[in-house]
Amino acid sequence: RVSFMNNQKPQKPTLSGQRFKTRKRDEKERFDPTQFQDCIIQGLTETGTDLEAVAKFLDASGAKLDYRRYAETLFDILVAGGMLAPGGTLADDMTRTNVCVFAAQEDLETMQAFAQVFNKLIRRYKYLEKGFEDEVKKLLLFLKGFSESERNKLAMLTGILLANGTLNASILNSLYNENLVKEGVSAAFAVKLFKSWINEKDINAVAVSLRKVNMDNRLMELFPANKQSVEHFSKYFTEAGLKELSEYVRNQQTIGARKELQKELQEQMSRGDPFRDIILYVKEEMKKNNISEQTVVAIIWSSVMSTVEWNKKEELVAEQAIKHLKQYSPLLAAFTTQGQSELTLLLKIQEYCYDNIHFMKAFQKIVVLFYKAEVLSEEPILKWYKDAHLAKGKSVFLEQMKKFVEWLKNAEEGKQQLSSQ
């Protein structure tokens with residue numbers, strides 16, 4: 001018996017059958033939504049419009065009221081003054097309060113003060129974060145049920161909360177609701193929202209937030225399909241005083257078009273399409289997407305250079321580069337009709353030769369090739385040499401170009417010497 005007892009494993013302590021007394025302050029009072037609403041409304045009515053007192057009341061009430069269960073009711077009251085029925089109307093038979101966003105003054109300062117109330121509440125009760133996000137998504141879908149003034153206040157508040165990080169930009173998905181878009185509600189709401197968001201931060205911070213949730217290329221969806229053009233977007237938001245947002249969307253479109261152009265160019269080159277077809281395609285894209293010749297020449301250069309597996313030996317790469325670039329010089333020549341485009345190309349060549357160490361000694365040979373092939377002319381080369389070059393590898397490249405530039409300074413003599421070479 002003794003040995004049996006010794007072999008037995010010691011029992012783990014267990015909580016079964018134990019009774020612990022819950023401390024009074026840890027208990028949440030059990031209310032139904034109506035009782036919960038009455039409690040919140042009574043407290044808000046007692047605090048009045050002093051929003052610091054409101055924040056303190058909400059902080060203290062969280063200890064005894066079940067915010068987790070009734071998050072939607074709580075936020076409905078703080079925004080609209082009472083519980084909202086589907087569609088966004090306040091239920092008639094419910095008690096309500098005027099201490100709420102919709103009953104407040106329609107100005108940025110008041111909305112900033114309300115934003116502080118939400119910030120403090122969500123910082124104190126972190127679990128309300130998700131519920132608040134869901135609430136805002138719902139409110140945006142209910143926009144048609146609110147008055148214009150209520151929508152304006154909600155838009156300003158949402159912009160401020162997006163700026164300070166209380167809300168995530170993914171809530172904007174609700175604005176793409178077909179009915180809201182069709183009736184112009186989404187675009188009008190977005191104007192007020194972006195104004196307060198940019199006012200709190202700046203367009204760059206807004207762009208970062210939009211990019212994080214893949215919303216940076218969707219802003220045109222605030223308009224019906226037949227009005228989803230950069231021109232319409234730009235006109236609408238510029239007239240509303242949001243020129244920086246118009247420019248941002250225009251840039252986004254251009255970036256998208258440039259990426260598409262580069263991708264298509266590389267495919268055409270790898271297929272070996274005739275240059276006349278490639279030139280025609282590029283010119284159409286330039287016109288359609290308002291892309292400058294400088295931008296295009298930079299895209300063509302990087303496309304041409306990425307179609308080859310370059311030799312790793314410095315003494316062989318220059319020869320390989322000249323052979324390759326000679327073949328593509330007619331394509332580059334078609335898009336260096338302006339001095340500025342030629343200068344852009346020169347800077348791209350300089351950058352490429354600096355970034356790819358095997359090309360350091362090939363810079364002058366490439367420039368001379370392009371000069372002979374009439375891709376580059378005297379003036380831009382001289383300007384590059386004098387003051388328009390980059391700092392990258394400056395001393396190496398200027399030294400390489402010294403003799404050639406001396407030739408160019410007397411252009412006719414230089415040409416004669418080159419043709420006799």
# chains A, B, ... in the order shown; residues from 1 in each chain; ligands from 1
call {"tool": "residues_around", "arguments": {"residues": "region 67-76 of chain A", "least_positions_apart": "4", "cutoff": "7 Å", "atoms": "only C-alpha atoms", "output": "JSON, numbers by chain"}}
result
{"A": [33, 37, 62, 80, 81, 82, 83, 84, 128, 131, 135]}
call {"tool": "residues_around", "arguments": {"residues": "Ile278 (chain A)", "least_positions_apart": "3", "cutoff": "9 Å", "atoms": "only C-alpha atoms", "output": "PyMOL selection string"}}
result
chain A and resi 265+268-269+273-275+281-283+331
call {"tool": "closest_atom_pairs", "arguments": {"of": "region 188-245 of chain A", "to": "region 100-109 of chain A", "cutoff": "12 Å", "atoms": "only C-alpha atoms", "output": "tab-separated table"}}
result
residue	atom	partner	partner_atom	distance
A:Lys192	CA	A:Leu108	CA	10.2
A:Leu193	CA	A:Leu108	CA	10.9
A:Lys195	CA	A:Leu108	CA	10.1
A:Ser196	CA	A:Leu108	CA	7.4
A:Trp197	CA	A:Leu108	CA	10.8
A:Asn199	CA	A:Leu108	CA	9.7
A:Glu200	CA	A:Leu108	CA	10.2
call {"tool": "write_last_selection", "arguments": {"atoms": "N, CA and C atoms", "output": "short mmCIF file (atom, residue, chain, number, x, y, z; two decimals), in the first residue's frame"}}
result
data_model
loop_
_atom_site.label_atom_id
_atom_site.label_comp_id
_atom_site.auth_asym_id
_atom_site.auth_seq_id
_atom_site.Cartn_x
_atom_site.Cartn_y
_atom_site.Cartn_z
N LYS A 192 -15.93 66.80 -48.13
CA LYS A 192 -15.81 67.25 -46.74
C LYS A 192 -14.82 66.40 -45.97
N LEU A 193 -14.88 65.09 -46.23
CA LEU A 193 -14.00 64.15 -45.52
C LEU A 193 -12.53 64.43 -45.84
N LYS A 195 -11.21 67.14 -47.08
CA LYS A 195 -10.81 68.47 -46.62
C LYS A 195 -10.34 68.43 -45.18
N SER A 196 -11.11 67.75 -44.31
CA SER A 196 -10.71 67.72 -42.90
C SER A 196 -9.51 66.80 -42.70
N TRP A 197 -9.41 65.72 -43.48
CA TRP A 197 -8.27 64.80 -43.37
C TRP A 197 -6.97 65.51 -43.76
N ASN A 199 -6.51 68.72 -43.89
CA ASN A 199 -6.31 69.82 -42.95
C ASN A 199 -5.54 69.35 -41.71
N GLU A 200 -5.84 68.13 -41.25
CA GLU A 200 -5.18 67.57 -40.07
C GLU A 200 -3.76 67.09 -40.38
#
call {"tool": "select_by_dssp", "arguments": {"residues": "region 131-354 of chain A", "states": "alpha helix (DSSP H)", "output": "PyMOL selection string"}}
result
chain A and resi 131-141+148-163+178-182+185-200+203-212+230-239+243-271+275-289+293-306+314-333+339-354
call {"tool": "residues_around", "arguments": {"residues": "Pro380 (chain A)", "least_positions_apart": "4", "cutoff": "9 Å", "atoms": "only C-alpha atoms", "output": "JSON, numbers by chain"}}
result
{"A": [339, 340, 342, 343, 346, 376, 384, 385, 388]}
